[in-house]
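> Quick one: structure below, then a few questions.
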Amino acid sequence: MRCCLSAPLAALAALPTPYDVLRSGTLLVPALLRAAYVGSRRHPDTLAAVHLELVTLTEDRAVLTWYTGIPGTADAFGHMLPARTEGEVVYGTHPAHLNRTAAEERPTAHHHVELTDLEPGQTYYYRARSRGVPATPTPLHHVRGNAVGTSRHGFGGHRTGVYSFTTPQPPPGSHVMTIALCNDLHLGETTAGLMAGFPLLRGVSQTAGRTAYPEIMSRALVEEARGRGADVLLAAGDLSAGGAPRDVATARRILDGFGTLGRDYLVVRGNHDRPPAPWADPFAETFGTDAAPSYFAHDLGGLRIIGLDTYDKTGNGGDAGALGPDQLSWFRDQLRSDPDRPTLVFGHHPLTVRDSVFPVTRGQRLDARQARAIIEAYASAPGVFLHHAGHTHRNKRTALPRAPHVTQQEVTAAKDYPGGFCLVRIHTGGYALNHYKTTAPESREWAERSRRAAGGLWPHHALGRTATDRNSVHRHDLSGITAPRIATP
């Protein structure tokens, strides 16, 4: 099954501009060459600590991940074989005085260390290491990004292995609720990262005999979102790989682990969830929307949550998303009727796609004319503060110039690297967006395996250029929202 990016690349109606093709070609050629031939260079038989990433950054905690392997070894993708060992982070408020330590409980090759009890607004310096070897960052040079800190280049670079970040201030006011955002579970998919038009960019499959990776990642997502304090979960489409009844039913079973549909979690349709045949609609039948529109407004303690079906049309799934005329009219009426009400909108296709490593085609976003209409509606509705989208399989925060009070947050796919979900922590005076990778051992292993998609370019696309693309704080008057009464399952 090809990912959401593949069908648009193959569709003649959605061809990128010559500039986009030329720009992306300069980025993809090195990856194509690496995928076509894996060198046999020998390295000293020592430990290597690589792929360091600052994943989560809040006012009082930070999550760092990296991988340890054996240099000189390689699997079929040229990736080092894992080396299980200890991992720790030493850190402090001065680069020459790293006087605090956070360590893992047991040896692993897929390291995940969480720093807690940090001070808001404080700059911290840190070194992640395994068996004394400093971890080196995931390179994001194709997008001029920085995987390890909030400053452009970190501190000290590869010479010392010391990097820095600055914790943000918390959102103003008191905490009201926490909402988890996720998308692109792709239940039923068997190969990640297939891209039409680039035959040498091999997809990545699960190791033989292991549980299907969409199930591993989705189950970990549900369990850990609840464990991180999410009151409600929003799943923004592509819950299945192709709308097959079995895959949609599996998605329902997994999401039911979070709670009750319509109360504890809400879902909308993605282009992969469209009916596989004119006479059957497994998604509608499974998620209870067969006799009702596939879009809705839901009240949660004064917060209006609007779910959009961004593929409310016929088609092969590879063209631009669109709302049907009835849905678009309904949506405008919703905002016009109560423009000041705190509102969160979620749907599968983003309104706009910027700063992509890959060619941007019409198939990667909502129909341009409809997107403009929605943004115009936002401009007249000051209560709207967040638009959550998936489909692009990346973490990306975009400010909408015509409606600067609305943040468009693209959230990476749950199914593969980097995996996970986004938490929206709502306070009376604003909100914070924070990305979390899942921590279950099997999900960590698959995330590391699947980072090799697109000839190794996938981290440049999916992780987020900087920490602020996956972690941000915003001021907004949300004082009209009250804590929901939600029973814990």
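All residue names refer to the structure tokens as shown: chains lettered A, B, ... in order, residues numbered from 1 in each chain, ligands numbered from 1 in order.
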Pick out the residues sitting within 12 Å of Thr190 (chain A), and hand them over as a list in words; count only C-alpha atoms, and ignore anything fewer than 6 positions along from it in its own chain.

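Final neighbour list, sorted by chain and number: Met1, Arg2, Cys3, Gly203, Val204, Ser205, Gln206, Thr207, Ala208, Arg210, Thr211, Ala212, Tyr213, Pro214, Glu215, Ser240, Ala241, Gly242, Asp247, Lys415, Asp416 and Ser450 of chain A.
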
> Would you mind exporting C-alpha atoms of the selected residues as a CSV table (one decimal), in the first residue's frame?


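The resulting file, selection-v7.csv, is shown below:
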```csv
chain,number,residue,atom,x,y,z
A,1,MET,CA,0.0,0.0,0.0
A,2,ARG,CA,1.5,3.3,-1.0
A,3,CYS,CA,1.4,6.2,1.4
A,203,GLY,CA,9.6,0.8,1.1
A,204,VAL,CA,10.3,-0.7,4.5
A,205,SER,CA,8.4,-3.7,5.8
A,206,GLN,CA,8.1,-5.3,9.2
A,207,THR,CA,10.5,-8.0,10.3
A,208,ALA,CA,9.1,-11.4,9.5
A,210,ARG,CA,6.4,-9.6,14.1
A,211,THR,CA,3.0,-8.1,14.7
A,212,ALA,CA,1.9,-5.7,11.9
A,213,TYR,CA,3.5,-2.3,12.5
A,214,PRO,CA,0.3,-0.3,12.2
A,215,GLU,CA,-1.2,-2.3,15.1
A,240,SER,CA,-7.2,2.3,7.5
A,241,ALA,CA,-4.9,1.7,4.6
A,242,GLY,CA,-7.7,1.3,2.0
A,247,ASP,CA,-8.9,-2.9,8.7
A,415,LYS,CA,2.2,4.4,11.9
A,416,ASP,CA,5.9,4.9,11.4
A,450,SER,CA,11.1,2.9,9.3
```

> Run DSSP on the backbone and give me the residues of region 201-328 of chain A it puts in alpha helix (DSSP H), as a PyMOL selection string.

chain A and resi 213-227+245-255+282-286+325-328

> Could you name the residues that touch Gly87 (chain A) at 12 Å or less, counting only C-alpha atoms, but leaving out those on the same chain fewer than 5 positions away, as a ChimeraX atom specification?

/A:49-50,52,64-68,101-114,127-135

> Excluding Ala413 (chain A) and residues on its chain fewer than 3 positions from it, collect all residues at most 12 Å away from it, counting only C-alpha atoms, and give them as a VMD selection string.

chain A and resid 3 to 5 181 to 187 192 to 193 214 217 to 218 221 235 to 239 348 389 to 396 410 416 to 422 435 to 438 447 450 458 461 to 463

> For Thr178 (chain A), list every protein, DNA or RNA residue within 6 Å, evaluated using only C-alpha atoms, and leave out those in the same chain fewer than 2 positions away; present the list as a PyMOL selection string.

chain A and resi 230-231+424-426

> Just the residues within 12 Å of Arg341 (chain A), please, counting only C-alpha atoms, with nothing from its chain fewer than 4 positions along; format it as a compact mmCIF listing (two decimals) with C-alpha atoms, in the first residue's frame.


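Everything below was put into out_3.txt:
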```txt
# COMPACT_ATOMS: atom_id res chain seq x y z
CA ASP A 299 -19.37 20.33 22.51
CA LEU A 300 -16.75 19.59 25.15
CA GLY A 301 -17.17 21.78 28.20
CA GLY A 302 -17.77 24.87 26.07
CA LEU A 303 -15.10 23.95 23.53
CA ARG A 304 -16.57 23.49 20.06
CA ILE A 305 -14.82 20.67 18.20
CA ILE A 306 -15.57 20.58 14.47
CA GLN A 334 -21.26 27.01 12.28
CA LEU A 335 -18.62 29.71 12.55
CA ARG A 336 -20.97 32.52 11.57
CA SER A 337 -23.52 31.53 14.23
CA TYR A 378 -11.50 31.84 10.19
CA SER A 380 -14.14 36.41 10.83
CA ALA A 381 -14.24 33.88 13.69
CA PRO A 382 -11.80 34.94 16.45
CA GLY A 383 -12.79 31.96 18.60
CA VAL A 384 -11.10 29.45 16.28
CA PHE A 385 -7.57 28.78 17.54
CA HIS A 476 -5.61 32.71 23.27
CA ASP A 477 -8.62 33.50 25.42
CA LEU A 478 -10.05 30.08 26.27
CA SER A 479 -11.65 31.10 29.57
CA GLY A 480 -15.06 29.93 28.35
CA ILE A 481 -13.98 26.27 28.49
```
